[in-house]
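The structure appears right after this line, and notes come after that.
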Amino acid sequence: MFLFKLISYLFGHVFLVVKGNSLEKFINMAANRGIYLWDITKLGANRIRVGVRLSGIRPLRHIARETACRFKIKSRVGIPFIVERMKKRKILVAGAFIFVIVLYILSSFVWFIEIEGNDKISGKDILLAVRQVGLSEGVWRGDIDTAVIEQAIKDKLPIVAWVGVFIEGTKVRIEIVEKKIIGNEISDQPTHIVATKTGLLQGILVLSGQAVVAEGDVVEVGQVLISGEVIPEQTINQNNGVMDLPRYLQAQGVVRARVWYEGYGEAKLVEMLIKPSGKQTERFSIKMVGQEIILKGPSQIPFTKYQSEITVKTFPLWRDFAVPVEFIKVQYLELKKHREERTKTEARKLAEQKAWSQVKLKLPTEHKILKQRVEHIETEQQENLVRVKVLVETLEEIGTEKPFQP
C-alpha cells in the first residue's frame with residue numbers, strides 16, 4: 001500500500017466528484033478497462049468521490065459519456081502539480097533554494113563554544129588554549145580535530161584531569177574535569193602521598209615532592225606515590241665537597257589510577273517471602289502520666305504476624321511547660337507468607353540489582369566509569385538459584401596524605 005501511494009504521488013493523481021444515475025456502471029467499466037479507482041466515497045444519492053491517477057483521466061471521459069455521467073476535478077496531488085506551481089513562481093523557488101544553500105553553508109561553521117565543568121580554571125584560559133590549535137568562532141567544522149584539541153588543553157592546563165570536545169551542530173561543547181589537589185593544608189609536618197586503593201596508574205602530577213612511581217605502574221594500598229623526602233640528584237656538592245642533605249616537605253600532587261570493583265548478587269527462582277497481605281487495623285490511644293487508655297481500635301492485635309507504624313503527637317510547649325499527654329496512633333499491617341515465582345530473566349535482573357548495590361557502596365563520590373561488564377555464573381547442576389557478577393573499571397583519585405617522621 002505504501003509503495004502504491006508513493007508511485008501515485010510521484011506520477012500525480014487527482015480526486016474526482018462524479019455525478020450521474022449510473023455510478024455503479026461507471027465504476028465497473030473503469031475496473032474492466034484496468035483503471036484503478038480508490039477511496040471511493042458516497043457523497044449523496046447520485047454523487048461519489050474517487051481517486052485516480054493522471055493516466056486514467058482521459059479514458060474516464062469516454063466512460064462518462066457512455067454512462068451519461070459527469071465528473072469534476074476537486075483536488076490535485078503529486079509531484080507534477082508541485083512542479084507546475086513552481087514554474088509560475090520562479091522567484092520564490094529561487095529564493096527558497098538560495099536560502100537553503102546559505103543555511104547549509106552557515107550550519108557548516110562553528111558559531112558557539114560552550115565550556116562545562118571548569119571551577120578553578122577560567123574560561124578565558126581554556127579558550128586561549130583551543131584557539132592556539134585552530135578552534136574559534138567561525139571556523140569550518142571539517143577542520144576541527146577533537147583529539148588534537150583535547151590534547152592541547154591537557155598540555156596547556158596540567159590541572160585538567162579529563163577533557164572531552166563534542167561537536168553539536170554549530171556549537172562545540174568542551175567538558176572539563178579538574179584534578180583534585182592532594183596535600184594543600186598548611187602544616188610543618190612533612191607528608192607523603194600514598195595510595196588508598198590498589199590500581200594501575202593512569203597519570204601523576206607532582207606539584208611538590210618527588211614521584212617514586214610512574215604511569216603504568218601497579219600500586220598497592222599504602223604504597224608511597226609522591227614522597228615528601230626529596231633526595232638531591234648529586235649528594236656531594238661539586239663546589240665545596242659538602243654532602244647535600246635531603247629536603248623534607250609536604251608532598252602535593254594529583255594521582256589518578258584505574259581501579260576495579262566487583263559485586264556479587266543472587267536470586268532464587270522460587271522463594272518464600274513475608275509480605276503485607278493488604279489487611280490492616282488502627283488503634284488510637286491517649287497516654288497520661290504513664291497510663292495508656294485505648295480510645296478506638298482493638299486491645300488485642302488480630303494478626304499473628306504484623307508490622308506496626310507508630311505516630312505520636314503531643315501538645316506544644318506552653319511557657320516552657322510540657323503537657324504530659326500524648327496521642328498515639330498505631331497502624332498494624334498483617335504479614336503473610338507468599339510464594340514468589342520468578343522467570344530466569346526476572347531472577348537475573350534482581351541478582352544484577354543486588355550486585356550493583358554492592359559495587360555502588362564501594363565507589364567513591366568522584367569517579368568516572370570506564371568499563372562495566374555483567375557475568376552470569378552458570379553451573380552444570382540444576383538449582384533454584386541465579387548468580388550474577390558485576391565488574392566495573394573506574395578512573396579515580398587514589399592519593400591521600402600520610403605524615404612521616406624524617
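Starting from 1 in every chain, residues are counted up; chains themselves are A, B, ... following the order of the C-alpha cells, and ligands are numbered from 1 as listed.
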
Each region 177-296 of chain A residue no farther than 9 Å from region 339-358 of chain A, nearest pair in Å, only C-alpha atoms, as a tab-separated table:
residue	atom	partner	partner_atom	distance
A:Glu262	CA	A:Gln358	CA	8.0
A:Gly263	CA	A:Ala355	CA	4.5
A:Tyr264	CA	A:Ala355	CA	4.4
A:Gly265	CA	A:Ala355	CA	4.3
A:Glu266	CA	A:Ala351	CA	4.4
A:Ala267	CA	A:Ala351	CA	5.1
A:Lys268	CA	A:Ala347	CA	6.5
A:Leu269	CA	A:Arg342	CA	4.9
A:Val270	CA	A:Glu341	CA	4.6
A:Glu271	CA	A:Glu340	CA	5.1
A:Met272	CA	A:Arg339	CA	4.6
A:Leu273	CA	A:Arg339	CA	6.3
A:Ile274	CA	A:Arg339	CA	8.7

Check region 309-358 of chain A with DSSP on the backbone and list each residue it calls strand (DSSP E or B), as number ranges by chain.
-> A: 309-314, 318, 321, 325-341

Just write the chosen residues, C-alpha atoms, as a compact mmCIF listing (two decimals), in the first residue's frame.
# COMPACT_ATOMS: atom_id res chain seq x y z
CA GLU A 309 3.82 2.11 62.34
CA ILE A 310 3.54 4.41 65.38
CA THR A 311 2.71 8.13 65.25
CA VAL A 312 2.90 10.18 68.46
CA LYS A 313 1.54 13.72 68.85
CA THR A 314 1.94 15.98 71.89
CA TRP A 318 3.38 26.48 77.00
CA PHE A 321 5.91 23.66 80.41
CA VAL A 325 -0.26 13.98 77.46
CA GLU A 326 0.44 12.02 74.27
CA PHE A 327 -1.92 10.97 71.49
CA ILE A 328 -0.77 7.71 69.94
CA LYS A 329 -1.84 6.22 66.62
CA VAL A 330 -0.64 2.71 65.76
CA GLN A 331 -1.25 1.13 62.37
CA TYR A 332 -0.90 -2.66 62.18
CA LEU A 333 -0.26 -4.33 58.80
CA GLU A 334 -0.80 -8.09 58.55
CA LEU A 335 2.14 -10.11 57.19
CA LYS A 336 1.73 -13.45 55.45
CA LYS A 337 3.99 -15.92 53.71
CA HIS A 338 3.99 -15.54 49.97
CA ARG A 339 5.41 -17.91 47.36
CA GLU A 340 7.34 -15.81 44.86
CA GLU A 341 8.00 -17.45 41.48

In Å, with one decimal, what is the gap from CA of Pro80 (chain A) to CA of Leu10 (chain A)?
-> 7.5 Å

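Counting only C-alpha atoms, Val212 (chain A) has the following residues at most 9 Å away, ignoring those fewer than 2 positions along the same chain: Gln210, Ala214, Val224, Leu225, Ile226 and Ser227 of chain A.
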
Next, dump the selected residues to file, keeping only N, CA and C atoms, as a compact mmCIF listing (two decimals), in the first residue's frame.
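Written file, result-v5.txt:
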# COMPACT_ATOMS: atom_id res chain seq x y z
N GLN A 210 58.64 14.34 45.41
CA GLN A 210 59.38 13.56 44.42
C GLN A 210 58.59 12.29 44.10
N ALA A 214 55.58 5.66 38.42
CA ALA A 214 55.37 6.25 37.09
C ALA A 214 54.08 5.71 36.50
N VAL A 224 53.80 4.43 48.82
CA VAL A 224 54.13 5.84 48.61
C VAL A 224 54.15 6.14 47.12
N LEU A 225 53.42 7.19 46.75
CA LEU A 225 53.34 7.60 45.34
C LEU A 225 54.19 8.84 45.09
N ILE A 226 54.01 9.85 45.93
CA ILE A 226 54.82 11.06 45.86
C ILE A 226 55.47 11.23 47.23
N SER A 227 56.78 11.21 47.25
CA SER A 227 57.49 11.25 48.53
C SER A 227 57.71 12.69 48.98

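The interatomic distance for the pair CA of Thr170 (chain A) and CA of Ile115 (chain A) works out to 14.4 Å.
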
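Take CA of Val219 (chain A) and CA of Ala195 (chain A): the distance between them is 7.2 Å.
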
Could you name the residues that touch region 33-42 of chain A at 6 Å or less, counting only C-alpha atoms, but leaving out those on the same chain fewer than 6 positions away, as a PyMOL selection string?
-> chain A and resi 48-52+56

Residues just named, written with N, CA and C atoms as a compact mmCIF listing (two decimals), in the first residue's frame:
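What follows is the written file out24.txt:
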# COMPACT_ATOMS: atom_id res chain seq x y z
N ILE A 48 -20.45 10.60 -6.09
CA ILE A 48 -19.39 9.85 -5.41
C ILE A 48 -18.07 10.61 -5.59
N ARG A 49 -17.13 10.28 -4.69
CA ARG A 49 -15.78 10.85 -4.76
C ARG A 49 -14.81 9.71 -4.94
N VAL A 50 -13.90 9.81 -5.94
CA VAL A 50 -12.95 8.75 -6.23
C VAL A 50 -11.58 9.36 -6.48
N GLY A 51 -10.54 8.54 -6.27
CA GLY A 51 -9.18 8.93 -6.59
C GLY A 51 -8.69 8.15 -7.79
N VAL A 52 -7.92 8.79 -8.67
CA VAL A 52 -7.44 8.14 -9.88
C VAL A 52 -6.14 8.80 -10.31
N GLY A 56 -5.35 7.92 -15.97
CA GLY A 56 -6.70 7.36 -16.10
C GLY A 56 -7.76 8.39 -16.41

What lies within 9 Å of Arg247 (chain A) using only C-alpha atoms, ignoring chain neighbours under 4 positions off, as a PyMOL selection string?
-> chain A and resi 228-232

Selection file, N, CA and C atoms, as an mmCIF file, in the first residue's frame:
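So the final result, stored in selection_29.cif, reads:
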data_model
loop_
_atom_site.group_PDB
_atom_site.id
_atom_site.type_symbol
_atom_site.label_atom_id
_atom_site.label_comp_id
_atom_site.auth_asym_id
_atom_site.auth_seq_id
_atom_site.Cartn_x
_atom_site.Cartn_y
_atom_site.Cartn_z
ATOM 1 N N GLY A 228 57.546 12.901 50.278
ATOM 2 C CA GLY A 228 57.865 14.194 50.864
ATOM 3 C C GLY A 228 59.336 14.338 51.193
ATOM 4 N N GLU A 229 60.121 13.287 50.961
ATOM 5 C CA GLU A 229 61.573 13.325 51.157
ATOM 6 C C GLU A 229 62.234 13.482 49.784
ATOM 7 N N VAL A 230 62.739 14.670 49.519
ATOM 8 C CA VAL A 230 63.334 14.972 48.217
ATOM 9 C C VAL A 230 64.835 14.775 48.312
ATOM 10 N N ILE A 231 65.348 13.766 47.640
ATOM 11 C CA ILE A 231 66.783 13.453 47.662
ATOM 12 C C ILE A 231 67.436 14.121 46.455
ATOM 13 N N PRO A 232 68.451 14.938 46.662
ATOM 14 C CA PRO A 232 69.106 15.610 45.530
ATOM 15 C C PRO A 232 69.766 14.600 44.602
#

Option closest in space to Gln151 (chain A), from A:Val165, A:Leu60, A:Gly138, A:Gly399 [counting only C-alpha atoms] |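 Smallest separation from Gln151 (chain A) among the options: A:Val165.
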
Members of region 135-365 of chain A assigned helix (DSSP H, G or I) by DSSP, as an MDAnalysis selection string = chainID A and resid 141:143 146:156 344:362

With N, CA and C atoms kept, could you save the residues just selected as a compact mmCIF listing (two decimals), in the first residue's frame?
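Below is the file that was written, part.txt:
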# COMPACT_ATOMS: atom_id res chain seq x y z
N ARG A 141 33.68 23.41 10.36
CA ARG A 141 33.58 22.22 11.21
C ARG A 141 34.48 21.08 10.72
N GLY A 142 34.68 20.99 9.41
CA GLY A 142 35.50 19.91 8.88
C GLY A 142 36.96 20.03 9.25
N ASP A 143 37.40 21.23 9.68
CA ASP A 143 38.80 21.42 10.05
C ASP A 143 39.07 21.13 11.53
N THR A 146 39.00 16.89 17.14
CA THR A 146 38.71 16.90 18.58
C THR A 146 39.85 16.31 19.41
N ALA A 147 40.53 15.29 18.87
CA ALA A 147 41.64 14.66 19.62
C ALA A 147 42.79 15.65 19.83
N VAL A 148 43.08 16.45 18.79
CA VAL A 148 44.16 17.45 18.90
C VAL A 148 43.78 18.51 19.92
N ILE A 149 42.53 18.95 19.90
CA ILE A 149 42.07 19.99 20.84
C ILE A 149 42.14 19.47 22.28
N GLU A 150 41.69 18.24 22.49
CA GLU A 150 41.71 17.66 23.84
C GLU A 150 43.14 17.58 24.37
N GLN A 151 44.06 17.12 23.51
CA GLN A 151 45.46 17.01 23.93
C GLN A 151 46.07 18.37 24.21
N ALA A 152 45.69 19.39 23.41
CA ALA A 152 46.21 20.74 23.62
C ALA A 152 45.77 21.30 24.96
N ILE A 153 44.53 21.04 25.35
CA ILE A 153 44.03 21.52 26.64
C ILE A 153 44.80 20.85 27.78
N LYS A 154 45.04 19.54 27.66
CA LYS A 154 45.78 18.83 28.70
C LYS A 154 47.21 19.34 28.81
N ASP A 155 47.83 19.65 27.65
CA ASP A 155 49.22 20.12 27.67
C ASP A 155 49.32 21.52 28.24
N LYS A 156 48.40 22.39 27.90
CA LYS A 156 48.46 23.79 28.34
C LYS A 156 48.00 23.95 29.78
N LYS A 344 13.69 -16.90 34.75
CA LYS A 344 15.15 -16.73 34.80
C LYS A 344 15.54 -15.29 34.50
N THR A 345 14.81 -14.66 33.61
CA THR A 345 15.11 -13.26 33.27
C THR A 345 14.86 -12.35 34.46
N GLU A 346 13.74 -12.57 35.16
CA GLU A 346 13.42 -11.75 36.34
C GLU A 346 14.43 -11.99 37.46
N ALA A 347 14.83 -13.26 37.65
CA ALA A 347 15.80 -13.57 38.70
C ALA A 347 17.16 -12.94 38.39
N ARG A 348 17.57 -12.98 37.11
CA ARG A 348 18.85 -12.36 36.74
C ARG A 348 18.81 -10.86 36.96
N LYS A 349 17.69 -10.25 36.64
CA LYS A 349 17.56 -8.81 36.84
C LYS A 349 17.67 -8.45 38.31
N LEU A 350 17.02 -9.22 39.17
CA LEU A 350 17.09 -8.98 40.61
C LEU A 350 18.50 -9.21 41.14
N ALA A 351 19.15 -10.29 40.68
CA ALA A 351 20.52 -10.58 41.12
C ALA A 351 21.48 -9.49 40.65
N GLU A 352 21.25 -8.99 39.45
CA GLU A 352 22.10 -7.91 38.92
C GLU A 352 21.94 -6.63 39.76
N GLN A 353 20.72 -6.34 40.18
CA GLN A 353 20.48 -5.17 41.04
C GLN A 353 21.23 -5.30 42.36
N LYS A 354 21.22 -6.51 42.93
CA LYS A 354 21.94 -6.74 44.19
C LYS A 354 23.45 -6.58 43.99
N ALA A 355 23.96 -7.08 42.87
CA ALA A 355 25.41 -6.95 42.59
C ALA A 355 25.79 -5.49 42.41
N TRP A 356 24.95 -4.73 41.70
CA TRP A 356 25.24 -3.30 41.50
C TRP A 356 25.19 -2.54 42.82
N SER A 357 24.29 -2.95 43.71
CA SER A 357 24.21 -2.29 45.03
C SER A 357 25.52 -2.46 45.79
N GLN A 358 26.12 -3.64 45.70
CA GLN A 358 27.41 -3.87 46.35
C GLN A 358 28.49 -2.97 45.76
N VAL A 359 28.50 -2.86 44.42
CA VAL A 359 29.52 -2.05 43.76
C VAL A 359 29.37 -0.58 44.14
N LYS A 360 28.14 -0.08 44.15
CA LYS A 360 27.91 1.34 44.43
C LYS A 360 28.33 1.71 45.84
N LEU A 361 28.27 0.76 46.78
CA LEU A 361 28.73 1.04 48.14
C LEU A 361 30.24 1.25 48.18
N LYS A 362 30.96 0.65 47.24
CA LYS A 362 32.42 0.75 47.23
C LYS A 362 32.91 1.96 46.43

Can you work out which one of A:Asn21, A:Thr198, A:Ser122, A:Gln132 has the shortest atom-to-atom distance to Val259 (chain A), counting only C-alpha atoms?
->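 Between A:Asn21, A:Thr198, A:Ser122, A:Gln132, the residue approaching Val259 (chain A) most closely is A:Thr198.
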
Mind checking which residues fall within 10 Å of Ser107 (chain A), counting only C-alpha atoms, ignoring those fewer than 5 positions away in the same chain, and posting them as a list in words?
->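 Once the nearby chain positions are removed, what remains is Ile101, Val102, Trp140, Arg141, Gly169, Thr170 and Lys171 of chain A.
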
Print the selection's residues with N, CA and C atoms to a file, as an mmCIF file, in the first residue's frame.
data_model
loop_
_atom_site.group_PDB
_atom_site.id
_atom_site.type_symbol
_atom_site.label_atom_id
_atom_site.label_comp_id
_atom_site.auth_asym_id
_atom_site.auth_seq_id
_atom_site.Cartn_x
_atom_site.Cartn_y
_atom_site.Cartn_z
ATOM 1 N N ILE A 101 20.618 26.827 0.591
ATOM 2 C CA ILE A 101 22.066 26.723 0.367
ATOM 3 C C ILE A 101 22.824 27.550 1.410
ATOM 4 N N VAL A 102 22.346 28.797 1.658
ATOM 5 C CA VAL A 102 23.018 29.665 2.631
ATOM 6 C C VAL A 102 22.924 29.058 4.034
ATOM 7 N N TRP A 140 35.570 26.391 10.135
ATOM 8 C CA TRP A 140 34.872 25.326 9.406
ATOM 9 C C TRP A 140 34.871 24.046 10.236
ATOM 10 N N ARG A 141 33.684 23.414 10.357
ATOM 11 C CA ARG A 141 33.582 22.216 11.211
ATOM 12 C C ARG A 141 34.475 21.082 10.722
ATOM 13 N N GLY A 169 26.202 20.328 16.095
ATOM 14 C CA GLY A 169 25.685 21.303 15.136
ATOM 15 C C GLY A 169 26.665 22.445 14.960
ATOM 16 N N THR A 170 26.188 23.667 15.222
ATOM 17 C CA THR A 170 27.052 24.851 15.104
ATOM 18 C C THR A 170 27.724 25.182 16.439
ATOM 19 N N LYS A 171 27.601 24.287 17.410
ATOM 20 C CA LYS A 171 28.174 24.524 18.744
ATOM 21 C C LYS A 171 29.218 23.460 19.058
#

Spatial neighbours of Lys402 (chain A), max dist 8 Å, only C-alpha atoms, sep filter under 4 positions, as a PDB file with C-alpha atoms, in the first residue's frame:
ATOM      1  CA  THR A 191      53.864  14.167  54.409  1.00  0.00           C
ATOM      2  CA  HIS A 192      53.891  11.562  51.662  1.00  0.00           C
ATOM      3  CA  ILE A 193      51.107  10.993  49.157  1.00  0.00           C
ATOM      4  CA  VAL A 194      50.177   7.312  49.470  1.00  0.00           C
TER       5      VAL A 194
END

Which residue, A:Glu175, A:Asp145, A:Glu220, A:Glu66, has the smallest gap to Met29 (chain A) when you use only C-alpha atoms?
->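 Of A:Glu175, A:Asp145, A:Glu220, A:Glu66, the one nearest Met29 (chain A), counting only C-alpha atoms, is A:Glu66.
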